[in-house]
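Peer 1: Here you go, one structure.
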Amino acid sequence: MSETQNEQPVQPLVEHLIELRRRLMWTVVGILVCFFGLMPFAQQLYTFIADPLMANLPKDTSMIATDVIAPFFVPVKVTLMAAFLISLPHTLYQIWAFVAPALYQNEKRLITPLVLSSVSLFFIGMAFAYFLVFPVIFKFLAGVTPVGVNMATDIDKYLSFILGMFVAFGTTFEVPIVVILLTKIGVVTTEQLKHARPYVIVGAFVIAAVITPPDVISQTLLAIPLILLYEAGIWFGRFFTPRSEQDGDIQPPVKT
């Protein structure tokens, strides 16, 4: 009897771990399927990623590879990144299938639009960086290159730079989701967020100065969307804040 009692609490944990392993395996399979499907187009994908810099390099200048295996591995890394992004809906489904049984019905209704909107905003942030920010940054850098200096960028360092920028802008565009969640769980109210607006504006420019090249244009291109997204989060947060908190009449919980 004692052995049976000892095994009872362990079994659910084992089942959860087995389910987690299965979902992780399907996630990896989804990424690998996309990866091998995209491998024939690895060079084209790299050309697409490199185009913002190549379009602004001086005439008769090209990128270089200082590592022997970089011409092979850099396009592979770009393909892997594209495969991860393309398979992201499948990955999110596996995560959802794992956590959904533990959620209440109202939580399921809330989490689905939040996940979809957060993924969409991340993609929008990446597109914003690629189509609007990168051309400005690289044009500025090419314009300030000293005379006699050949602007030949290493392809591996270039990939690291744009990946960092993609993550920075994609994360920045998640600000409305963060604000909505904070108001939904009652950490802050919309009135508190409005009062914090001056600090957010200063913080936006500080963040932009840290993660972008040292030119005013690219810093502004990050800071202004960050501020606007914060304002959008406040506006949408009103629909998730209880009426009593919006009116400033927050009642303490009643003990039973």
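Quick note on naming: the chains in the structure tokens go A, B, ... in the order shown, residues restart at 1 in each chain, and ligands are numbered from 1 in order of appearance.
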Skip Thr171 (chain A) itself and residues of its chain fewer than 2 positions away, then list as a short mmCIF file (atom, residue, chain, number, x, y, z; two decimals) with N, CA and C atoms, in the first residue's frame all residues within 10 Å of it, counting only C-alpha atoms.
Peer 2:
data_model
loop_
_atom_site.label_atom_id
_atom_site.label_comp_id
_atom_site.auth_asym_id
_atom_site.auth_seq_id
_atom_site.Cartn_x
_atom_site.Cartn_y
_atom_site.Cartn_z
N SER A 118 0.89 39.24 -30.45
CA SER A 118 2.30 39.42 -30.12
C SER A 118 3.20 38.93 -31.24
N LEU A 121 2.95 41.50 -34.08
CA LEU A 121 3.71 42.71 -33.76
C LEU A 121 5.20 42.47 -33.88
N PHE A 122 5.66 41.28 -33.52
CA PHE A 122 7.09 40.98 -33.66
C PHE A 122 7.48 40.98 -35.13
N PHE A 123 6.67 40.38 -35.99
CA PHE A 123 6.96 40.39 -37.42
C PHE A 123 6.91 41.81 -37.99
N GLY A 125 7.61 44.51 -36.35
CA GLY A 125 8.83 45.16 -35.91
C GLY A 125 10.02 44.79 -36.78
N MET A 126 10.13 43.52 -37.15
CA MET A 126 11.21 43.09 -38.03
C MET A 126 11.09 43.75 -39.41
N MET A 165 19.35 43.63 -34.36
CA MET A 165 18.38 44.68 -34.66
C MET A 165 16.97 44.11 -34.81
N PHE A 166 16.86 42.95 -35.45
CA PHE A 166 15.55 42.31 -35.58
C PHE A 166 14.95 42.02 -34.20
N VAL A 167 15.77 41.47 -33.31
CA VAL A 167 15.29 41.17 -31.96
C VAL A 167 14.92 42.45 -31.23
N ALA A 168 15.74 43.49 -31.38
CA ALA A 168 15.48 44.76 -30.69
C ALA A 168 14.16 45.38 -31.14
N PHE A 169 13.96 45.47 -32.46
CA PHE A 169 12.74 46.09 -32.96
C PHE A 169 11.53 45.19 -32.76
N PHE A 173 8.24 46.28 -30.43
CA PHE A 173 6.85 46.30 -30.88
C PHE A 173 5.93 45.45 -30.01
N GLU A 174 6.50 44.79 -29.00
CA GLU A 174 5.68 44.03 -28.06
C GLU A 174 5.18 44.90 -26.90
N VAL A 175 5.55 46.16 -26.88
CA VAL A 175 5.19 47.04 -25.77
C VAL A 175 3.68 47.08 -25.51
N LEU A 226 8.45 53.35 -30.27
CA LEU A 226 8.35 52.85 -28.89
C LEU A 226 7.37 53.70 -28.09
#
Peer 1: I'd like the contact shell of Gly233 (chain A) - 8 Å cut-off, only C-alpha atoms, skipping same-chain residues fewer than 2 positions apart - returned as a compact mmCIF listing (two decimals) with all heavy atoms, in the first residue's frame.
Peer 2:
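Saved as part.txt:
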# COMPACT_ATOMS: atom_id res chain seq x y z
N VAL A 175 5.55 46.16 -26.88
CA VAL A 175 5.19 47.04 -25.77
C VAL A 175 3.68 47.08 -25.51
O VAL A 175 3.25 46.99 -24.35
CB VAL A 175 5.75 48.47 -26.01
CG1 VAL A 175 5.15 49.47 -25.01
CG2 VAL A 175 7.26 48.46 -25.88
N PRO A 176 2.82 47.19 -26.53
CA PRO A 176 1.37 47.20 -26.22
C PRO A 176 0.91 45.94 -25.50
O PRO A 176 0.06 46.02 -24.61
CB PRO A 176 0.72 47.32 -27.61
CG PRO A 176 1.77 47.94 -28.47
CD PRO A 176 3.07 47.41 -27.97
N ILE A 177 1.47 44.79 -25.87
CA ILE A 177 1.07 43.54 -25.22
C ILE A 177 1.47 43.56 -23.74
O ILE A 177 0.70 43.15 -22.87
CB ILE A 177 1.70 42.33 -25.93
CG1 ILE A 177 1.34 42.35 -27.42
CG2 ILE A 177 1.24 41.04 -25.29
CD1 ILE A 177 -0.12 42.28 -27.70
N VAL A 178 2.68 44.05 -23.47
CA VAL A 178 3.15 44.12 -22.09
C VAL A 178 2.27 45.05 -21.26
O VAL A 178 1.88 44.73 -20.13
CB VAL A 178 4.62 44.58 -22.04
CG1 VAL A 178 5.09 44.77 -20.60
CG2 VAL A 178 5.52 43.57 -22.75
N VAL A 179 1.93 46.20 -21.84
CA VAL A 179 1.09 47.17 -21.13
C VAL A 179 -0.29 46.59 -20.86
O VAL A 179 -0.85 46.73 -19.76
CB VAL A 179 0.99 48.47 -21.95
CG1 VAL A 179 -0.03 49.42 -21.31
CG2 VAL A 179 2.35 49.16 -22.05
N ILE A 180 -0.86 45.90 -21.85
CA ILE A 180 -2.18 45.31 -21.68
C ILE A 180 -2.16 44.24 -20.59
O ILE A 180 -3.06 44.18 -19.74
CB ILE A 180 -2.67 44.72 -23.02
CG1 ILE A 180 -3.00 45.85 -24.00
CG2 ILE A 180 -3.90 43.85 -22.80
CD1 ILE A 180 -3.32 45.37 -25.39
N LEU A 229 3.79 53.10 -29.47
CA LEU A 229 3.29 51.79 -29.05
C LEU A 229 2.90 51.80 -27.57
O LEU A 229 1.95 51.13 -27.16
CB LEU A 229 4.34 50.72 -29.32
CG LEU A 229 4.58 50.40 -30.80
CD1 LEU A 229 5.86 49.59 -30.97
CD2 LEU A 229 3.40 49.64 -31.38
N TYR A 230 3.64 52.56 -26.78
CA TYR A 230 3.27 52.71 -25.37
C TYR A 230 1.91 53.38 -25.24
O TYR A 230 1.06 52.96 -24.44
CB TYR A 230 4.35 53.52 -24.65
CG TYR A 230 4.08 53.75 -23.19
CD1 TYR A 230 4.34 52.75 -22.24
CD2 TYR A 230 3.58 54.96 -22.73
CE1 TYR A 230 4.10 52.96 -20.90
CE2 TYR A 230 3.34 55.18 -21.37
CZ TYR A 230 3.60 54.18 -20.47
OH TYR A 230 3.37 54.39 -19.14
N GLU A 231 1.69 54.41 -26.06
CA GLU A 231 0.39 55.10 -26.04
C GLU A 231 -0.72 54.16 -26.51
O GLU A 231 -1.83 54.19 -25.98
CB GLU A 231 0.46 56.34 -26.92
CG GLU A 231 1.40 57.42 -26.43
CD GLU A 231 0.95 58.02 -25.11
OE1 GLU A 231 -0.27 58.02 -24.84
OE2 GLU A 231 1.81 58.49 -24.35
N TRP A 235 -4.12 52.95 -24.52
CA TRP A 235 -5.47 53.06 -25.08
C TRP A 235 -6.18 51.71 -25.03
O TRP A 235 -7.33 51.61 -24.60
CB TRP A 235 -5.40 53.57 -26.52
CG TRP A 235 -6.75 53.92 -27.07
CD1 TRP A 235 -7.45 55.07 -26.89
CD2 TRP A 235 -7.55 53.06 -27.90
NE1 TRP A 235 -8.66 55.00 -27.56
CE2 TRP A 235 -8.74 53.79 -28.19
CE3 TRP A 235 -7.39 51.79 -28.43
CZ2 TRP A 235 -9.76 53.26 -28.98
CZ3 TRP A 235 -8.40 51.26 -29.22
CH2 TRP A 235 -9.57 51.99 -29.48
N PHE A 236 -5.49 50.65 -25.47
CA PHE A 236 -6.11 49.32 -25.45
C PHE A 236 -6.26 48.81 -24.02
O PHE A 236 -7.17 48.01 -23.74
CB PHE A 236 -5.27 48.33 -26.27
CG PHE A 236 -5.44 48.46 -27.75
CD1 PHE A 236 -4.45 49.01 -28.53
CD2 PHE A 236 -6.61 48.05 -28.36
CE1 PHE A 236 -4.60 49.14 -29.90
CE2 PHE A 236 -6.79 48.17 -29.74
CZ PHE A 236 -5.77 48.72 -30.50
N GLY A 237 -5.37 49.24 -23.13
CA GLY A 237 -5.43 48.79 -21.75
C GLY A 237 -6.70 49.23 -21.05
O GLY A 237 -7.12 48.59 -20.07
Peer 1: Find the residues of region 25-56 of chain A that sit at most 7 Å from region 69-84 of chain A; for each, write down the nearest two atoms and how far apart they are in Å, to one decimal. Count only C-alpha atoms. Sort by chain, then by number going up, and give it as CSV.
Peer 2:
residue,atom,partner,partner_atom,distance
A:Ile31,CA,A:Phe84,CA,5.6
A:Cys34,CA,A:Ala83,CA,5.0
A:Phe35,CA,A:Ala83,CA,4.9
A:Leu38,CA,A:Thr79,CA,6.5
A:Met39,CA,A:Thr79,CA,6.5
A:Ala42,CA,A:Pro75,CA,5.4
A:Gln43,CA,A:Pro75,CA,6.0
A:Leu45,CA,A:Thr79,CA,6.7
A:Tyr46,CA,A:Pro75,CA,5.4
Peer 1: Pick the closest to Ser160 (chain A) from A:Ala208, A:Ile234, A:Ile49, A:Val136: which is it, counting only C-alpha atoms?
Peer 2: A:Ile49
Peer 1: What is the CA of Ala65 (chain A) to CA of Ala152 (chain A) distance in Å?
Peer 2: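 If I compute the distance from CA of Ala65 (chain A) to CA of Ala152 (chain A), I get 9.4 Å.
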Peer 1: For a test of reading the model, state the distance in Å between CA of Leu92 (chain A) and CA of Tyr104 (chain A), rounded to one decimal.
Peer 2: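 Between CA of Leu92 (chain A) and CA of Tyr104 (chain A) the gap works out to 18.4 Å.
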Peer 1: For Gln94 (chain A), which residue out of A:Ile137, A:Val28, A:Val119, A:Leu53 is the nearest one, using only C-alpha atoms?
Peer 2: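 The shortest atom-to-atom distance to Gln94 (chain A) comes from A:Val28.
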Peer 1: May I ask for the distance between CA of Asp215 (chain A) and CA of Lys157 (chain A), given in Å to one decimal place?
Peer 2: 19.7 Å
Peer 1: Neighbouring residues of Phe134 (chain A) were defined as those with any atom within 10 Å, considering only C-alpha atoms; residues of the same chain fewer than 6 positions away were excluded. Please report them as a list in words.
Peer 2: Asp51, Pro52, Leu53, Asn56, Phe128, Phe140, Ile162, Met165 and Ser218 of chain A
